[in-house]
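J.: Encoded as structure tokens, here's the structure I'll be asking about.
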2 protein chains.
Amino acid sequence: VVPPKPQPAPEGPRAGAAAPGGAREGEDAAIVRLAALLRTASGPPPPGEIWIGDDAAVVAAPRGRLVLSTDATVAGVHADLSLVGLDDFGWKALTAAVSDIGAMGARPVCALVTLCAPPGTDLDALTAGLAQASARWACPVVGGDLSTAEQVVVSVAVAGALDGGSPPVTRRGASPGDVLAVTGPLGGSAAGLRVLRAGGGATATGASGAVVKAHLRPAARLAEGRAARSAGATAMIDVSDGLSIDLHRLADASGVGFHLDSVPVAPGATREEALGGGEDYELVVAAADPDALIAAFTAQGLRPPEVVGRCVADRRDRRLEGEALPRTGWEHRMG
Amino acid sequence: VVPPKPQPAPEGPRAGAAAPGGAREGEDAAIVRLAALLRTASGPPPPGEIWIGDDAAVVAAPRGRLVLSTDATVAGVHADLSLVGLDDFGWKALTAAVSDIGAMGARPVCALVTLCAPPGTDLDALTAGLAQASARWACPVVGGDLSTAEQVVVSVAVAGALDGGSPPVTRRGASPGDVLAVTGPLGGSAAGLRVLRAGGGATATGASGAVVKAHLRPAARLAEGRAARSAGATAMIDVSDGLSIDLHRLADASGVGFHLDSVPVAPGATREEALGGGEDYELVVAAADPDALIAAFTAQGLRPPEVVGRCVADRRDRRLEGEALPRTGWEHRMG
């Protein structure tokens with residue numbers, strides 16, 4: 001049976017069938033519109049590459065090894081949309097996934113994004129934040145998927161490259177005696193959330209303004225990760241869940257303990273926020289030769305990493321200023 | 001200020017802190033357990049590769065071009081969890097993303113998965129389905145992320161390779177005069193959902209049993225996609241949203257119209273289900289030389305594709321058995 005009342009076949013996807021934020025529109029039309037937003041940020045694909053619009057994307061493969069990360073960002077879990085804009089949400093979703101590439105000492109090449117959101121969600125705002133982050137981190141969004149959902153869930157997968165022949169920097173390579181360094185002060189994101197919750201987001205200046213920005217628009221330490229790898233870093237992790245828990249993870253994987261002498265606290269943040277807040281995306285780097293590490297950063301014009309302690313042989317021995325350091329931090333409760 | 005009441009540092013991630021389906025557990029412990037389930041299906045990583053457990057995965061890069069797809073599968077949108085098991089949900093999530101790789105004529109290499117689910121969700125069942133599909137499609141899950149969410153949302157990103165030198169098969173290359181063929185009959189998945197909704201899932205046999213299986217455990221036509229590419233297919237798309245809409249998408253991208261002579265309907269399915277049901281994941285292939293196409297399938301021991309029509313020059317001219325074919329199918333409403 002031929003479906004009743006056949007209609008004239010339209011010419012191409014229903015692009016322009018609905019204004020942004022206006023009437024309900026089809027998935028194909030939304031993809032065309034959002035792809036245009038993303039392309040404004042990243043430019044067109046190089047010749048021979050296929051980005052959004054086919055069954056899959058096709059890009060030039062990096063040589064040697066491929067580095068892959070993925071991160072889900074969930075409204076109400078990772079971001080409070082009453083305090084954070086959808087554009088900030090998109091920025092953060094892409095930046096968090098890119099940061100994991102940086103934490104291997106790799107360079108992001110491109111990203112895939114799935115956007116799941118309730119009908120009526122301002123997908124243009126969400127995509128604008130993704131596009132801004134993709135431009136900032138030189139990581140074009142080359143493919144994606146859209147779906148309705150009860151809450152906003154953005155998953156970003158990033159493919160990265162290891163330029164040059166040296167291996168990736170894992171969490172596993174730290175040895176007793178290696179120094180531990182961090183690429184910047186911590187706790188800014190958690191402090192920014194505190195300021196936003198107190199209603200001070202709009203008027204924040206100085207240190208308060210900086211921590212609000214750290215929460216809304218975190219940075220991925222990509223150049224720093226590559227510098228650390230070039231300097232022979234033995235292990236590395238990004239501080240996504242909190243310095244303490246992420247340092248424990250690095251120590252677990254490497255089979256070492258650690259003695260931290262200090263915690264660099266971002267201006268406007270508390271020490272607890274620096275230890276347990278998470279989402280700072282600074283890197284924790286283990287290295288046998290701190291001078292070489294600092295020199296590599298300086299040579300690239302980067303703020304030199306701050307040495308905060310060292311690795312020790314007893315994997316149970318994990319201290320901050322002589323006291324045992326608990327594994328506090330941000331862990332989703334599952335199960 | 002050192003956090004009060006410091007506790008002894010635990011030895012490694014809290015693996016085994018909670019039994020599957022038991023008490024609430026931390027993200028790290030869940031990742032360790034789920035990674036073990038996935039590894040049982042796929043085996044260990046080859047030497048030099050890093051899979052789940054670091055900031056990012058590291059795998060051997062395919063030569064030349066990298067093919068990338070992503071798909072979000074959302075409970076209540078893409079699958080009704082009152083009718084479909086979490087293991088089936090996981091199978092489908094991975095298979096849908098792998099199918100997009102196959103529709104370019106590429107081979108899946110590995111997958112990344114983000115699992116978002118309400119606390120208490122049986123993540124082991126979900127992961128078992130992912131693991132079964134990853135084994136079936138030779139596509140190990142090498143990385144992922146976990147989060148709580150209000151509903152189950154699984155995003156899968158797949159990286160694929162184009163073995164040999166020939167280019168990917170896009171949606172764009174069909175020319176007037178090319179035949180259109182499909183790799184199998186359609187409508188099975190939609191018919192299976194109908195049987196399940198009627199309460200006949202447990203007792204279905206014969207054609208009913210086959211369509212229920214088509215809904216619960218769809219297949220990706222990977223070997224078929226590669227055979228089509230090797231035979232010089234000019235355009236290809238997988239039937240994820242329905243033959244009609246997906247054929248319109250191929251025709252839109254190629255700038256052609258089409259005349260369909262017939263629609264192969266899966267036993268137990270209706271013609272409407274075949275045209276508009278979606279999630280069959282059969283491939284629609286355009287080819288200038290149908291004999292070469294069929295020969296390539298036969299040489300691989302594959303069921304030969306069924307020629308169902310041809311492309312025509314007038315892109316507005318889109319017909320089934322002489323009648324205009326509307327763009328019916330499955331489109332999420334967004335915006």
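The way I read the labels, and the way they are meant: chains A, B, ... in the order of the structure tokens, residue 1 as the first residue of every chain, and ligand 1 as the first ligand shown, with later ones counted on from there.
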So that I can see what lies close to Leu275 in chain B, please list as a list in words the residues with an atom at most 6 Å from it, counting only C-alpha atoms and leaving out residues fewer than 4 positions away in the same chain.
T.: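 Everything that qualifies: Gly242, Leu243 and Ser244 of chain B.
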J.: Tell me which protein, DNA and RNA residues are within 6 Å of Arg310 in chain B, counting only C-alpha atoms, leaving out same-chain ones fewer than 3 positions away, and put them as a PyMOL selection string.
T.: chain B and resi 178-180+258-259
J.: If we count only C-alpha atoms and set the cut-off at 9 Å, which residues sit around range 36-52 of chain B, ignoring sequence neighbours fewer than 5 positions away in its own chain? Please answer as a PyMOL selection string.
T.: (chain A and resi 65+170) or (chain B and resi 31+57-60+124+127-128+130-136+138-144)
J.: Mind checking which residues fall within 10 Å of Ser230 in chain B, counting only C-alpha atoms, ignoring those fewer than 3 positions away in the same chain, and posting them as a list of chain:residue names?
T.: B:Gly105, B:Gly164, B:Ser166, B:Pro167, B:Pro168, B:Val169, B:Glu224, B:Gly225, B:Arg226, B:Ala227, B:Ala233, B:Ala292, B:Leu293, B:Ala296, B:Phe297
J.: Include C-alpha atoms and write out the residues we just selected as a compact mmCIF listing (two decimals), in the first residue's frame.
T.:
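As a result, again-v1.txt now contains:
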```txt
# COMPACT_ATOMS: atom_id res chain seq x y z
CA GLY B 105 32.48 0.97 3.30
CA GLY B 164 42.98 -0.48 0.70
CA SER B 166 39.75 3.30 -2.49
CA PRO B 167 37.78 6.25 -1.14
CA PRO B 168 34.85 6.02 1.26
CA VAL B 169 31.36 5.64 -0.14
CA GLU B 224 28.26 -5.85 2.85
CA GLY B 225 29.44 -2.24 3.08
CA ARG B 226 33.00 -3.22 2.30
CA ALA B 227 31.87 -5.41 -0.61
CA ALA B 233 29.31 1.67 -5.23
CA ALA B 292 29.67 -6.03 -10.40
CA LEU B 293 27.90 -5.19 -7.16
CA ALA B 296 31.30 -8.71 -5.19
CA PHE B 297 28.73 -9.81 -2.62
```
J.: Check the smallest atom-to-atom distance from each of B:Ala235, B:Ala149, B:Ala161, B:Ala93 to Cys110 in chain B using only C-alpha atoms, then report the winner.
T.: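 Nearest candidate to Cys110 in chain B out of B:Ala235, B:Ala149, B:Ala161, B:Ala93: B:Ala161.
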J.: Which residues are near Ala97 in chain B? Cut-off 10 Å, only C-alpha atoms, ignore same chain within fewer than 6 positions. Put them as a ChimeraX atom specification.
T.: /A:55-56 /B:68-73,108,111,155-159,220
J.: Please identify the strand (DSSP E or B) residues within range 72-307 of chain B (assignment by DSSP from backbone atoms) and present them as a ChimeraX atom specification.
T.: /B:72-75,79,107-117,141-148,153-161,179-182,186,235-238,257-260,265,283-287,306-307
J.: Using only C-alpha atoms, can you tell me which of B:Ala75, B:Ala125, B:Ala269, B:Leu83 comes closest to chain A?
T.: B:Ala75
J.: Taking the backbone alone, and naming residues the way the document does, which bits of range 41-288 of chain A are helix (DSSP H, G or I) by DSSP, as a ChimeraX atom specification?
T.: /A:41-42,86-102,123-136,188-197,206-216,222-230,243-254,271-276
J.: For Ser254 in chain B, which of A:Leu81, A:Ala103, A:Asp54, A:Gly301 is the closest residue, counting only C-alpha atoms?
T.: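 Nearest to Ser254 in chain B: A:Asp54.
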